[in-house]
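Trainee: Got a file for you: final-v1.cif, mmCIF, C-alpha atoms and all ligand atoms.
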```cif
data_upload
loop_
_atom_site.label_atom_id
_atom_site.label_comp_id
_atom_site.auth_asym_id
_atom_site.auth_seq_id
_atom_site.Cartn_x
_atom_site.Cartn_y
_atom_site.Cartn_z
CA MET A 1 0.00 0.00 0.00
CA ASN A 2 1.46 3.36 -0.91
CA GLN A 3 1.61 6.47 1.25
CA LEU A 4 -1.47 8.00 -0.34
CA ALA A 5 -3.55 4.86 0.09
CA VAL A 6 -2.66 4.70 3.78
CA SER A 7 -3.57 8.29 4.50
CA LEU A 8 -6.71 7.95 2.35
CA ASP A 9 -7.92 5.13 4.56
CA HIS A 10 -7.61 7.42 7.58
CA VAL A 11 -9.50 10.18 5.85
CA TRP A 12 -12.23 7.75 4.79
CA ASP A 13 -12.74 6.28 8.20
CA ALA A 14 -12.79 9.70 9.84
CA VAL A 15 -15.21 11.35 7.42
CA LEU A 16 -17.43 8.32 6.98
CA ALA A 17 -17.86 8.02 10.75
CA VAL A 18 -19.42 11.49 10.73
CA LEU A 19 -21.12 11.54 7.33
CA PRO A 20 -22.16 7.94 6.58
CA GLN A 21 -24.67 9.19 4.01
CA ARG A 22 -21.75 10.49 1.92
CA ARG A 23 -20.21 7.08 1.32
CA TRP A 24 -20.85 7.31 -2.39
CA ASP A 25 -19.16 10.71 -2.75
CA LEU A 26 -16.23 9.59 -0.64
CA ASP A 27 -15.74 6.55 -2.81
CA ARG A 28 -15.85 8.71 -5.92
CA LEU A 29 -13.34 11.11 -4.35
CA ARG A 30 -11.08 8.17 -3.71
CA VAL A 31 -11.21 7.24 -7.39
CA LEU A 32 -10.46 10.84 -8.34
CA LEU A 33 -7.44 10.96 -6.07
CA GLN A 34 -5.94 7.87 -7.65
CA LYS A 35 -4.27 9.75 -10.42
CA GLU A 36 -2.93 6.71 -12.17
CA VAL A 37 -6.46 5.67 -13.17
CA PRO A 38 -6.81 6.48 -16.91
CA PRO A 39 -9.86 8.41 -18.14
CA THR A 40 -12.75 5.98 -17.95
CA VAL A 41 -15.53 5.56 -20.48
CA THR A 42 -18.53 3.45 -19.67
CA VAL A 43 -21.80 2.56 -21.33
CA VAL A 44 -25.25 2.86 -19.87
CA GLY A 45 -28.54 1.76 -21.33
CA LYS A 46 -31.00 -1.05 -21.50
CA TYR A 47 -29.83 -4.58 -22.20
CA ASN A 48 -29.36 -5.77 -25.75
CA HIS A 49 -29.14 -2.21 -27.06
CA GLY A 50 -25.64 -2.86 -28.42
CA LYS A 51 -23.49 -1.39 -25.67
CA SER A 52 -20.77 -4.03 -25.55
CA ARG A 53 -20.48 -4.16 -29.28
CA LEU A 54 -20.20 -0.40 -29.52
CA LEU A 55 -17.27 -0.42 -27.09
CA ASN A 56 -15.59 -3.12 -29.15
CA GLU A 57 -15.93 -1.04 -32.31
CA LEU A 58 -14.59 2.06 -30.59
CA MET A 59 -11.58 0.13 -29.27
CA GLY A 60 -11.11 -1.67 -32.56
CA SER A 61 -11.04 -5.14 -30.99
CA ASP A 62 -13.57 -7.67 -29.80
CA ILE A 63 -12.82 -7.56 -26.10
CA PHE A 64 -16.29 -7.58 -24.58
CA ASN A 65 -18.88 -10.30 -25.00
CA VAL A 66 -21.68 -9.58 -27.42
CA ALA A 67 -24.83 -11.66 -27.75
CA ASP A 68 -28.42 -11.44 -28.85
CA ARG A 69 -29.75 -11.70 -25.29
CA ARG A 70 -28.98 -10.31 -21.87
CA GLU A 71 -25.26 -10.86 -22.01
CA THR A 72 -23.16 -8.62 -19.81
CA ILE A 73 -23.76 -9.44 -16.17
CA ALA A 74 -20.58 -8.20 -14.54
CA LEU A 75 -18.36 -5.17 -14.94
CA ALA A 76 -15.53 -5.78 -17.37
CA GLU A 77 -12.75 -3.37 -18.12
CA HIS A 78 -10.04 -3.02 -20.68
CA VAL A 79 -7.38 -0.36 -20.94
CA HIS A 80 -6.65 0.54 -24.51
CA GLU A 81 -4.45 3.40 -25.69
CA GLY A 82 -4.63 5.28 -22.41
CA VAL A 83 -8.40 4.96 -22.02
CA ARG A 84 -10.12 2.65 -19.56
CA TRP A 85 -13.19 1.15 -21.22
CA LEU A 86 -15.72 -0.23 -18.83
CA ASP A 87 -18.49 -2.52 -20.02
CA ALA A 88 -21.52 -2.65 -17.75
CA PRO A 89 -24.71 -4.70 -17.58
CA GLY A 90 -27.86 -3.29 -19.10
CA LEU A 91 -30.12 -1.29 -16.83
CA TYR A 92 -33.61 -2.35 -15.81
CA ALA A 93 -33.01 -5.93 -16.83
CA ASP A 94 -35.23 -6.64 -13.84
CA VAL A 95 -34.05 -10.24 -13.72
CA ALA A 96 -31.36 -9.29 -11.29
CA LEU A 97 -31.24 -6.08 -9.34
CA GLN A 98 -27.55 -6.73 -8.83
CA ASP A 99 -27.01 -5.83 -12.49
CA ASP A 100 -28.49 -2.41 -11.86
CA ALA A 101 -26.20 -1.95 -8.89
CA LEU A 102 -23.18 -2.79 -11.02
CA ALA A 103 -24.32 -0.49 -13.79
CA ARG A 104 -24.71 2.26 -11.25
CA GLU A 105 -21.28 1.61 -9.85
CA ALA A 106 -19.78 1.99 -13.31
CA LEU A 107 -21.86 5.08 -13.90
CA GLY A 108 -21.54 6.85 -10.61
CA LEU A 109 -18.24 5.72 -9.26
CA GLN A 110 -15.92 4.86 -12.09
CA ALA A 111 -16.90 6.73 -15.21
CA ASP A 112 -15.61 10.06 -16.42
CA ILE A 113 -17.58 9.78 -19.63
CA ARG A 114 -20.84 7.93 -20.09
CA LEU A 115 -22.08 6.69 -23.41
CA PHE A 116 -25.84 6.55 -23.01
CA VAL A 117 -26.91 3.92 -25.53
CA HIS A 118 -30.46 3.68 -26.83
CA ALA A 119 -31.41 1.39 -29.71
CA ALA A 120 -33.05 3.28 -32.58
CA LYS A 121 -35.65 0.60 -33.24
CA GLU A 122 -37.17 1.26 -29.80
CA GLY A 123 -38.23 4.73 -30.96
CA GLU A 124 -38.56 7.26 -28.14
CA LEU A 125 -36.77 7.01 -24.83
CA ASP A 126 -38.96 5.40 -22.22
CA ALA A 127 -39.70 7.01 -18.86
CA LEU A 128 -36.84 5.28 -17.07
CA GLU A 129 -34.32 6.27 -19.73
CA SER A 130 -35.56 9.85 -19.69
CA SER A 131 -35.27 10.16 -15.97
CA LEU A 132 -31.81 8.60 -15.96
CA LEU A 133 -30.72 11.01 -18.66
CA GLN A 134 -31.99 13.89 -16.55
CA GLU A 135 -30.13 12.53 -13.57
CA LEU A 136 -26.95 12.46 -15.62
CA ALA A 137 -27.51 16.02 -16.84
CA ALA A 138 -27.93 17.18 -13.24
CA ASP A 139 -24.80 15.28 -12.31
CA HIS A 140 -22.93 17.09 -15.06
CA GLN A 141 -23.73 20.39 -13.37
CA ARG A 142 -22.25 19.11 -10.18
CA SER A 143 -19.35 17.01 -11.40
CA ARG A 144 -18.68 18.15 -14.97
CA ARG A 145 -18.81 14.49 -16.00
CA GLN A 146 -19.94 14.15 -19.58
CA THR A 147 -22.63 12.02 -21.18
CA LEU A 148 -22.84 11.36 -24.90
CA LEU A 149 -26.22 10.27 -26.18
CA VAL A 150 -25.78 7.42 -28.67
CA ILE A 151 -28.67 6.14 -30.79
CA SER A 152 -27.48 2.67 -31.71
CA GLN A 153 -28.34 0.08 -34.33
CA ILE A 154 -29.67 2.66 -36.80
CA ASP A 155 -29.25 0.09 -39.58
CA GLN A 156 -32.35 -1.57 -38.18
CA LEU A 157 -34.53 1.33 -39.24
CA ALA A 158 -36.25 1.02 -42.61
CA ASP A 159 -34.88 4.16 -44.22
CA GLU A 160 -33.47 7.66 -43.72
CA GLN A 161 -36.95 9.05 -43.29
CA GLN A 162 -37.71 6.76 -40.41
CA GLN A 163 -34.31 7.59 -38.91
CA GLU A 164 -35.12 11.32 -39.09
CA LYS A 165 -38.42 10.69 -37.38
CA VAL A 166 -36.89 8.72 -34.51
CA LEU A 167 -34.05 11.21 -34.04
CA ASP A 168 -36.50 14.11 -34.06
CA SER A 169 -38.71 12.61 -31.41
CA ILE A 170 -35.72 11.80 -29.18
CA ALA A 171 -34.31 15.31 -29.73
CA GLN A 172 -37.62 16.69 -28.49
CA GLN A 173 -37.35 14.57 -25.39
CA CYS A 174 -34.00 16.04 -24.48
CA PRO A 175 -33.65 19.52 -25.90
CA GLY A 176 -30.08 20.69 -26.33
CA CYS A 177 -28.65 17.16 -26.45
CA LEU A 178 -26.29 16.26 -29.25
CA LEU A 179 -27.45 12.92 -30.68
CA HIS A 180 -24.95 10.42 -32.07
CA PRO A 181 -26.74 7.99 -34.40
CA VAL A 182 -24.50 4.96 -34.99
CA SER A 183 -24.46 1.47 -36.42
CA SER A 184 -21.80 -0.93 -35.24
CA THR A 185 -22.78 -3.37 -37.95
CA ARG A 186 -22.27 -0.86 -40.75
CA TYR A 187 -18.98 0.19 -39.22
CA ARG A 188 -17.69 -3.36 -39.12
CA GLN A 189 -18.89 -4.06 -42.65
CA GLY A 190 -17.39 -0.82 -43.90
CA ARG A 191 -14.08 -1.44 -42.23
CA ASP A 192 -13.70 -5.11 -43.08
CA GLY A 193 -15.14 -4.81 -46.57
CA GLY A 194 -13.36 -1.53 -47.43
CA LYS A 195 -16.64 0.32 -48.01
CA PRO A 196 -16.10 3.99 -47.21
CA ARG A 197 -19.76 4.87 -47.80
CA MET A 198 -20.78 2.28 -45.21
CA LEU A 199 -18.17 3.59 -42.79
CA GLU A 200 -19.48 7.11 -43.19
CA LYS A 201 -23.08 5.98 -42.69
CA SER A 202 -22.07 4.17 -39.50
CA GLY A 203 -21.74 7.47 -37.62
CA ILE A 204 -18.88 6.01 -35.61
CA ALA A 205 -16.38 8.63 -36.80
CA ALA A 206 -18.56 11.46 -35.52
CA LEU A 207 -18.99 9.69 -32.21
CA GLN A 208 -15.24 9.17 -32.00
CA ALA A 209 -14.65 12.87 -32.60
CA SER A 210 -17.06 13.81 -29.81
CA LEU A 211 -15.47 11.22 -27.57
CA GLU A 212 -11.97 12.51 -28.22
CA ALA A 213 -13.04 16.04 -27.37
CA ALA A 214 -14.70 14.74 -24.21
CA LEU A 215 -11.57 12.78 -23.26
CA LYS A 216 -9.49 15.93 -23.57
CA ARG A 217 -11.76 17.61 -21.02
CA VAL A 218 -11.41 14.79 -18.48
CA PRO A 219 -8.36 16.07 -16.52
CA GLN A 220 -10.01 19.45 -16.04
CA ALA A 221 -13.35 17.86 -15.18
CA ARG A 222 -11.71 15.56 -12.63
CA GLU A 223 -9.99 18.49 -10.98
CA PHE A 224 -13.26 20.39 -10.84
CA GLU A 225 -15.13 17.42 -9.44
CA ARG A 226 -12.46 16.71 -6.85
CA ASP A 227 -12.44 20.31 -5.66
CA ALA A 228 -16.23 20.43 -5.65
CA LEU A 229 -16.50 17.26 -3.58
CA LEU A 230 -13.82 18.42 -1.16
CA THR A 231 -15.52 21.79 -0.78
CA GLU A 232 -18.95 20.22 -0.29
CA LEU A 233 -17.70 17.76 2.30
CA THR A 234 -15.70 20.43 4.10
CA GLN A 235 -18.67 22.78 4.17
CA GLU A 236 -20.97 20.07 5.44
CA LEU A 237 -18.52 19.12 8.17
CA SER A 238 -17.93 22.76 9.12
CA ALA A 239 -21.64 23.43 9.37
CA LEU A 240 -22.05 20.30 11.46
CA GLN A 241 -19.14 21.30 13.66
CA GLN A 242 -20.66 24.71 14.25
CA MET A 243 -24.01 23.18 15.13
CA GLN A 244 -22.40 20.67 17.47
CA GLU A 245 -20.36 23.39 19.16
CA GLN A 246 -23.48 25.42 19.72
CA SER A 247 -25.45 22.52 21.10
CA LEU A 248 -22.57 21.45 23.35
CA HIS A 249 -22.21 24.99 24.61
CA SER A 250 -25.89 25.24 25.36
CA LEU A 251 -25.88 21.86 27.16
CA GLN A 252 -22.92 23.00 29.26
CA GLN A 253 -24.68 26.27 30.03
CA THR A 254 -27.77 24.37 31.11
CA GLN A 255 -25.64 22.14 33.28
CA LYS A 256 -23.98 25.12 34.95
CA GLN A 257 -27.18 27.10 35.33
CA GLN A 258 -29.13 24.17 36.77
CA HIS A 259 -26.45 23.78 39.43
CA ILE A 260 -26.52 27.48 40.29
CA ASP A 261 -30.32 27.50 40.39
CA PHE A 262 -30.46 24.42 42.58
CA VAL A 263 -27.97 25.76 45.11
CA GLU A 264 -29.36 29.30 45.17
CA GLY A 265 -32.93 28.04 45.41
CA LEU A 266 -32.02 25.71 48.25
CA ARG A 267 -30.28 28.52 50.12
CA LYS A 268 -33.44 30.63 49.82
CA VAL A 269 -35.58 27.77 51.12
CA LEU A 270 -33.18 27.33 54.04
CA GLU A 271 -33.27 31.06 54.81
CA GLY A 272 -37.06 30.86 54.94
CA ILE A 273 -36.87 27.88 57.27
CA GLU A 274 -34.42 29.69 59.51
CA LYS A 275 -36.80 32.64 59.83
CA ASP A 276 -39.64 30.26 60.58
CA LEU A 277 -37.70 28.40 63.27
CA GLU A 278 -35.97 31.38 64.89
CA PRO A 279 -38.69 32.21 67.47
CA LEU A 280 -39.08 28.56 68.35
CA VAL A 281 -35.46 27.59 68.87
CA ASN A 282 -34.53 30.84 70.57
CA ALA A 283 -37.59 31.10 72.83
CA ALA A 284 -36.80 32.42 76.30
CA GLY A 285 -37.38 30.37 79.41
CA VAL A 286 -37.37 26.67 80.08
CA ASP A 287 -37.17 24.24 77.19
CA HIS A 288 -40.09 22.05 78.19
CA SER A 289 -39.42 19.62 75.40
CA LEU A 290 -36.48 18.28 77.33
CA VAL A 291 -38.60 17.57 80.44
CA PRO A 292 -39.70 13.94 80.20
CA ASP A 293 -43.32 13.06 80.93
CA THR A 294 -43.97 10.61 83.69
CA ALA A 295 -46.71 8.02 84.09
CA GLU A 296 -48.70 10.25 86.42
CA PHE A 297 -49.59 12.60 83.51
CA GLY A 298 -51.03 9.70 81.50
CA PHE A 299 -52.88 11.09 78.46
CA LYS A 300 -52.98 14.63 79.78
CA MET A 301 -51.48 17.43 77.81
CA THR A 302 -48.22 18.70 79.29
CA ALA A 303 -45.98 21.64 78.48
CA GLY A 304 -43.34 19.10 77.36
CA LYS A 305 -45.74 17.38 74.99
CA GLN A 306 -46.91 20.69 73.59
CA GLU A 307 -43.40 21.91 72.99
CA ARG A 308 -42.31 18.66 71.38
CA ALA A 309 -45.34 18.78 69.10
CA ARG A 310 -44.48 22.37 68.12
CA LEU A 311 -40.91 21.32 67.32
CA GLN A 312 -42.09 18.32 65.35
CA ILE A 313 -44.51 20.41 63.29
CA ALA A 314 -41.85 23.05 62.60
CA TYR A 315 -39.38 20.36 61.58
CA SER A 316 -41.92 18.72 59.29
CA ARG A 317 -42.64 22.07 57.70
CA ALA A 318 -38.92 22.54 57.08
CA CYS A 319 -38.64 19.10 55.52
CA ILE A 320 -41.69 19.69 53.33
CA ALA A 321 -40.19 22.97 52.09
CA ILE A 322 -36.90 21.27 51.26
CA ASN A 323 -38.64 18.34 49.63
CA GLY A 324 -40.61 20.72 47.43
CA HIS A 325 -37.31 22.04 46.15
CA LEU A 326 -35.99 18.50 45.58
CA VAL A 327 -39.14 17.58 43.66
CA GLU A 328 -38.73 20.66 41.47
CA TYR A 329 -35.21 19.53 40.54
CA GLY A 330 -35.95 15.82 40.25
CA ALA A 331 -33.69 14.85 43.14
CA VAL A 332 -36.10 12.90 45.34
CA GLY A 333 -35.15 9.24 44.91
CA LEU A 334 -31.85 7.62 45.78
CA PRO A 335 -29.57 6.18 43.10
CA ALA A 336 -29.97 2.41 42.63
CA ALA A 337 -26.72 1.60 44.42
CA GLN A 338 -28.00 3.25 47.59
CA GLN A 339 -31.48 1.78 47.64
CA THR A 340 -32.58 -0.43 50.53
CA SER A 341 -35.24 -3.10 50.85
CA VAL A 342 -37.55 -0.54 52.43
CA ARG A 343 -38.71 1.58 49.54
CA SER A 344 -40.25 4.29 51.72
CA MET A 345 -36.81 4.94 53.17
CA ASP A 346 -35.13 5.36 49.79
CA THR A 347 -35.43 9.10 49.64
CA VAL A 348 -32.85 11.81 49.53
CA MET A 349 -34.64 13.52 52.47
CA ILE A 350 -34.10 10.53 54.73
CA ALA A 351 -30.57 9.93 53.48
CA VAL A 352 -29.62 13.49 54.42
CA MET A 353 -31.84 14.27 57.42
CA GLY A 354 -32.07 10.83 59.07
CA VAL A 355 -35.10 9.73 61.07
CA SER A 356 -34.15 10.81 64.58
CA VAL A 357 -36.42 13.12 66.61
CA LYS A 358 -35.18 16.69 66.61
CA TYR A 359 -35.04 19.03 69.58
CA ARG A 360 -34.40 22.77 69.78
CA ALA A 361 -30.62 22.38 69.81
CA ASP A 362 -30.75 20.06 66.80
CA LEU A 363 -32.94 22.42 64.81
CA ARG A 364 -30.74 25.38 65.75
CA ARG A 365 -27.61 23.53 64.70
CA ILE A 366 -29.11 22.22 61.49
CA PHE A 367 -31.02 25.24 60.25
CA CYS A 368 -30.02 28.31 62.17
CA GLU A 369 -26.24 28.16 61.93
CA GLN A 370 -24.24 28.86 58.78
CA ALA A 371 -22.23 25.64 59.13
CA GLY A 372 -25.45 23.60 59.45
CA ARG A 373 -26.98 25.16 56.37
CA ASP A 374 -23.74 24.78 54.40
CA LYS A 375 -23.69 21.12 55.30
CA LEU A 376 -27.28 20.71 54.10
CA VAL A 377 -26.50 22.49 50.84
CA GLN A 378 -23.47 20.26 50.37
CA ASP A 379 -25.34 17.03 51.09
CA PHE A 380 -28.43 17.83 49.02
CA THR A 381 -26.28 19.10 46.14
CA HIS A 382 -24.42 15.80 46.16
CA TYR A 383 -27.69 13.92 45.66
CA PHE A 384 -28.85 16.44 43.09
CA GLU A 385 -25.69 15.89 41.07
CA ILE A 386 -26.19 12.12 41.00
CA SER A 387 -29.90 12.33 40.25
CA GLU A 388 -31.16 10.71 37.06
CA GLY A 389 -31.71 13.96 35.19
CA ARG A 390 -28.28 15.33 35.99
CA ARG A 391 -26.62 12.05 35.02
CA ALA A 392 -28.52 12.00 31.75
CA LEU A 393 -27.43 15.56 31.04
CA GLU A 394 -23.84 14.65 31.78
CA ALA A 395 -24.05 11.64 29.45
CA GLN A 396 -25.56 13.86 26.76
CA ILE A 397 -22.67 16.29 27.14
CA GLU A 398 -20.16 13.47 26.90
CA THR A 399 -21.79 12.18 23.72
CA SER A 400 -21.83 15.68 22.24
CA GLN A 401 -18.16 16.11 23.06
CA LYS A 402 -17.30 12.85 21.39
CA GLN A 403 -19.33 13.74 18.30
CA LEU A 404 -17.71 17.14 18.08
CA GLN A 405 -14.31 15.55 18.46
CA GLN A 406 -15.10 13.17 15.61
CA THR A 407 -16.21 16.04 13.39
CA ARG A 408 -13.07 18.03 14.15
CA GLN A 409 -10.98 14.98 13.39
CA ALA A 410 -12.80 14.45 10.10
CA LEU A 411 -12.18 18.07 9.12
CA GLU A 412 -8.50 17.80 9.98
CA GLU A 413 -8.17 14.60 7.97
CA LEU A 414 -10.03 16.05 5.01
CA ALA A 415 -7.79 19.12 5.04
CA LEU A 416 -4.84 16.79 4.39
CA LEU A 417 -6.30 16.12 0.94
CA GLU A 418 -6.10 19.76 -0.12
CA GLY A 419 -3.54 19.98 -2.87
CA VAL A 420 -2.98 16.20 -3.06
N1 LIG A 501 -28.20 -4.76 -36.45
C1 LIG A 501 -27.38 -4.40 -35.47
N2 LIG A 501 -27.20 -5.21 -34.42
C2 LIG A 501 -26.36 -4.81 -33.45
C3 LIG A 501 -25.69 -3.58 -33.50
N3 LIG A 501 -24.96 -3.46 -32.37
C4 LIG A 501 -25.15 -4.58 -31.68
N4 LIG A 501 -25.99 -5.40 -32.33
C5 LIG A 501 -26.44 -6.71 -31.88
O1 LIG A 501 -27.33 -6.56 -30.79
C6 LIG A 501 -27.16 -7.64 -29.88
C7 LIG A 501 -26.82 -7.11 -28.52
O2 LIG A 501 -25.56 -6.46 -28.54
P1 LIG A 501 -24.70 -6.30 -27.24
O3 LIG A 501 -23.58 -5.39 -27.60
O4 LIG A 501 -24.40 -7.58 -26.62
O5 LIG A 501 -25.78 -5.53 -26.36
P2 LIG A 501 -25.63 -5.02 -24.86
O6 LIG A 501 -26.34 -3.73 -24.81
O7 LIG A 501 -24.23 -5.05 -24.46
O8 LIG A 501 -26.47 -6.10 -24.07
P3 LIG A 501 -26.32 -6.51 -22.49
O9 LIG A 501 -24.89 -6.83 -22.29
O10 LIG A 501 -27.20 -7.68 -22.35
O11 LIG A 501 -26.77 -5.34 -21.71
C8 LIG A 501 -26.05 -8.51 -30.47
O12 LIG A 501 -26.62 -9.54 -31.18
C9 LIG A 501 -25.32 -7.56 -31.38
O13 LIG A 501 -24.65 -8.20 -32.43
C10 LIG A 501 -25.91 -2.73 -34.63
O14 LIG A 501 -25.37 -1.63 -34.76
N5 LIG A 501 -26.77 -3.19 -35.57
MG MG A 502 -23.24 -6.07 -22.97
#
```
Could you express the structure from this file as structure tokens?
Ligand SMILES: Nc1nc2c(ncn2[C@@H]2O[C@H](COP(=O)(O)OP(=O)(O)OP(=O)(O)O)[C@@H](O)[C@H]2O)c(=O)[nH]1
Ligand SMILES: [Mg+2]
Mentor:
Amino acid sequence: MNQLAVSLDHVWDAVLAVLPQRRWDLDRLRVLLQKEVPPTVTVVGKYNHGKSRLLNELMGSDIFNVADRRETIALAEHVHEGVRWLDAPGLYADVALQDDALAREALGLQADIRLFVHAAKEGELDALESSLLQELAADHQRSRRQTLLVISQIDQLADEQQQEKVLDSIAQQCPGCLLHPVSSTRYRQGRDGGKPRMLEKSGIAALQASLEAALKRVPQAREFERDALLTELTQELSALQQMQEQSLHSLQQTQKQQHIDFVEGLRKVLEGIEKDLEPLVNAAGVDHSLVPDTAEFGFKMTAGKQERARLQIAYSRACIAINGHLVEYGAVGLPAAQQTSVRSMDTVMIAVMGVSVKYRADLRRIFCEQAGRDKLVQDFTHYFEISEGRRALEAQIETSQKQLQQTRQALEELALLEGV
């Protein structure tokens, strides 16, 4: 494998990974970059329209198989006097779709010049031929690849008048096309039998002249096509890169902003809780909640019971406020690894706050001191960061980064082809 082939493989892999839908163009580009490939002429048309035979006459030797049935079923090539002649199966043979694929490979991938062959006895082009011809004309705009329209087997028409009629109707079907009426049979008879009149009537000389002119344009056309493909691919990759950069940036912004919003929101909730608890935890006088009830009070209400109930209600309110914030940010449940067999315990609230009863000193320490609040923010933020939504966002960012990296790589690789 030579140096170019090795680096081409890298370029292919890199660009194809990002633009798989461009496989065809990449393959064509590869052909164009292999400068040792001679200008390539192929035939396209329906089966039995005389394609193989025409190539043989143009080359001056019977290289390709000719038969009065569907004959050519594989691509065959022959290099003759600096031209690569490529015989292809007839299109729309409908017996084997594979034939069509091969014909299209010759047409789309390999050929610089296409001889579109249509047998005169068929009269007008049919719908499939017309649309293919249009496709090739559109391709010419893009790639500068040339198509010569050949009307073959004209000897099978009754007379000149009928020939005029057929040519006229085909000319109407594709305005602006130069038609090349030919007869391989007349050419062979004229050549072998030394009949100049027959040779002239074969139309082969005129086709050869057109073909020679087209062959002269091939180097220029190849250069144009190569540059056009490189430009198209580069532009597509650049546009993709820009889009991916924007979407990555916006994902990262979202990630950052969500974090800020979660922390700031939580701090606000905690400030509210602190205000709510202040009078309770700093109340003057005896802390009745710490005075245990004895059996003598039975079911009677005591100052201790009342105080403990007040504390419990205030604590519940605090937890409800915090939980509201957690719900808003989707950070309620524990990650799978931390889940227990008791589902009701698998909440971030319980993981952070525990289940122990809280007294004044606990509430003061937890909610009314900076260190307590900082600890809560730290703990809840930890669970927020490993919540499902945050993880998914992180994964999305990672994927975006990888995709962007691939696109950048593809652009770098493609740039290596400039000036090759
Ligand atoms: N009368 C006449 N017959 C021709 C001419 N050119 C080809 N034929 C005959 O038409 C038949 C088909 O020719 P091929 O060249 O094999 O046709 P093809 O288009 O390559 O056919 P596939 O390979 O099946 O797609 C053969 O019998 C040829 O001898 C021509 O100019 N005049
Ligand atoms: Mg053939």
Trainee: Please put the answer as JSON: centre and edge lengths, in Å with one decimal, of a box along x, y and z that encloses all listed atoms of ligand LIG 501 (chain A) plus 6 Å on each side.
Mentor:
```
{"center_x": -25.9, "center_y": -5.6, "center_z": -29.1, "size_x": 16.6, "size_y": 19.9, "size_z": 26.7}
```
Trainee: Residues contacting ligand MG 502 (chain A) - anything with an atom at most 7 Å away, using only C-alpha atoms and all ligand atoms - can you give me those as a ChimeraX atom specification?
Mentor: /A:47-48,50-52,65-66,71-72,87-90
Trainee: Pick from A:Pro20, A:Pro38, A:Gly265, A:Gly203: nearest to ligand LIG 501 (chain A), with all atoms listed in the file counted?
Mentor: A:Gly203
Trainee: Considering all atoms listed in the file, state which residue in the set A:Tyr329, A:Ser183, A:Gly419, A:Gly372 is at the smallest distance from A:His259.
Mentor: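 Closest to A:His259 of all the choices is A:Tyr329.
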Trainee: Per residue of chain A within 10 Å of ligand LIG 501 (chain A), note the shortest atom pair and the distance in Å to one decimal, counting only C-alpha atoms and all ligand atoms, and order the rows by chain and increasing residue number, as a tab-separated table.
Mentor:
```
residue	atom	partner	partner_atom	distance
A:Val43	CA	A:LIG501	O6	8.5
A:Val44	CA	A:LIG501	O6	8.3
A:Gly45	CA	A:LIG501	O6	6.9
A:Lys46	CA	A:LIG501	O11	6.0
A:Tyr47	CA	A:LIG501	O11	3.2
A:Asn48	CA	A:LIG501	O8	3.4
A:His49	CA	A:LIG501	O6	3.9
A:Gly50	CA	A:LIG501	O3	3.4
A:Lys51	CA	A:LIG501	O6	3.8
A:Ser52	CA	A:LIG501	O3	3.7
A:Arg53	CA	A:LIG501	O3	3.7
A:Leu54	CA	A:LIG501	O3	6.3
A:Leu55	CA	A:LIG501	O3	8.0
A:Asn56	CA	A:LIG501	O3	8.4
A:Glu57	CA	A:LIG501	N3	9.3
A:Phe64	CA	A:LIG501	O3	8.2
A:Asn65	CA	A:LIG501	O4	6.4
A:Val66	CA	A:LIG501	O4	3.5
A:Ala67	CA	A:LIG501	O4	4.3
A:Asp68	CA	A:LIG501	O12	3.5
A:Arg69	CA	A:LIG501	O10	5.6
A:Arg70	CA	A:LIG501	O10	3.2
A:Glu71	CA	A:LIG501	O10	3.7
A:Thr72	CA	A:LIG501	O9	3.5
A:Ile73	CA	A:LIG501	O9	6.7
A:Ala74	CA	A:LIG501	O9	9.0
A:Leu75	CA	A:LIG501	O9	10.0
A:Asp87	CA	A:LIG501	O7	7.7
A:Ala88	CA	A:LIG501	O9	7.0
A:Pro89	CA	A:LIG501	O11	4.7
A:Gly90	CA	A:LIG501	O11	3.5
A:Leu91	CA	A:LIG501	O11	7.2
A:Tyr92	CA	A:LIG501	O11	9.5
A:Ala93	CA	A:LIG501	O11	7.9
A:Asp99	CA	A:LIG501	O11	9.2
A:Ala103	CA	A:LIG501	O11	9.6
A:Val117	CA	A:LIG501	O6	7.7
A:His118	CA	A:LIG501	O6	8.7
A:Ala119	CA	A:LIG501	O14	8.4
A:Ala120	CA	A:LIG501	O14	9.4
A:Lys121	CA	A:LIG501	N1	9.7
A:Ile151	CA	A:LIG501	O14	9.3
A:Ser152	CA	A:LIG501	O14	5.7
A:Gln153	CA	A:LIG501	O14	3.5
A:Ile154	CA	A:LIG501	O14	6.4
A:Asp155	CA	A:LIG501	N5	5.7
A:Gln156	CA	A:LIG501	N1	5.5
A:Leu157	CA	A:LIG501	N1	9.2
A:Pro181	CA	A:LIG501	O14	9.7
A:Val182	CA	A:LIG501	O14	6.7
A:Ser183	CA	A:LIG501	O14	3.6
A:Ser184	CA	A:LIG501	O14	3.7
A:Thr185	CA	A:LIG501	O14	4.5
A:Arg186	CA	A:LIG501	O14	6.8
A:Tyr187	CA	A:LIG501	O14	8.0
A:Arg188	CA	A:LIG501	O14	9.0
A:Ser202	CA	A:LIG501	O14	8.2
```
Trainee: Mind checking which residues fall within 12 Å of A:Gly389, counting only C-alpha atoms, ignoring those fewer than 2 positions away in the same chain, and posting them as a ChimeraX atom specification?
Mentor: /A:254-255,258-259,327-333,335,383-387,391-396
Trainee: List the spatial neighbours of A:Ser169 as a ChimeraX atom specification - criterion: any atom at most 7 Å away, all atoms listed in the file, same-chain residues fewer than 4 positions off excluded.
Mentor: /A:124,165,173
Trainee: Those same residues - C-alpha atoms - I'd like them written as an mmCIF file, in the coordinates of the input.
Mentor:
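File part11.cif, as written:
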```cif
data_model
loop_
_atom_site.group_PDB
_atom_site.id
_atom_site.type_symbol
_atom_site.label_atom_id
_atom_site.label_comp_id
_atom_site.auth_asym_id
_atom_site.auth_seq_id
_atom_site.Cartn_x
_atom_site.Cartn_y
_atom_site.Cartn_z
ATOM 1 C CA GLU A 124 -38.560 7.260 -28.140
ATOM 2 C CA LYS A 165 -38.420 10.690 -37.380
ATOM 3 C CA GLN A 173 -37.350 14.570 -25.390
#
```
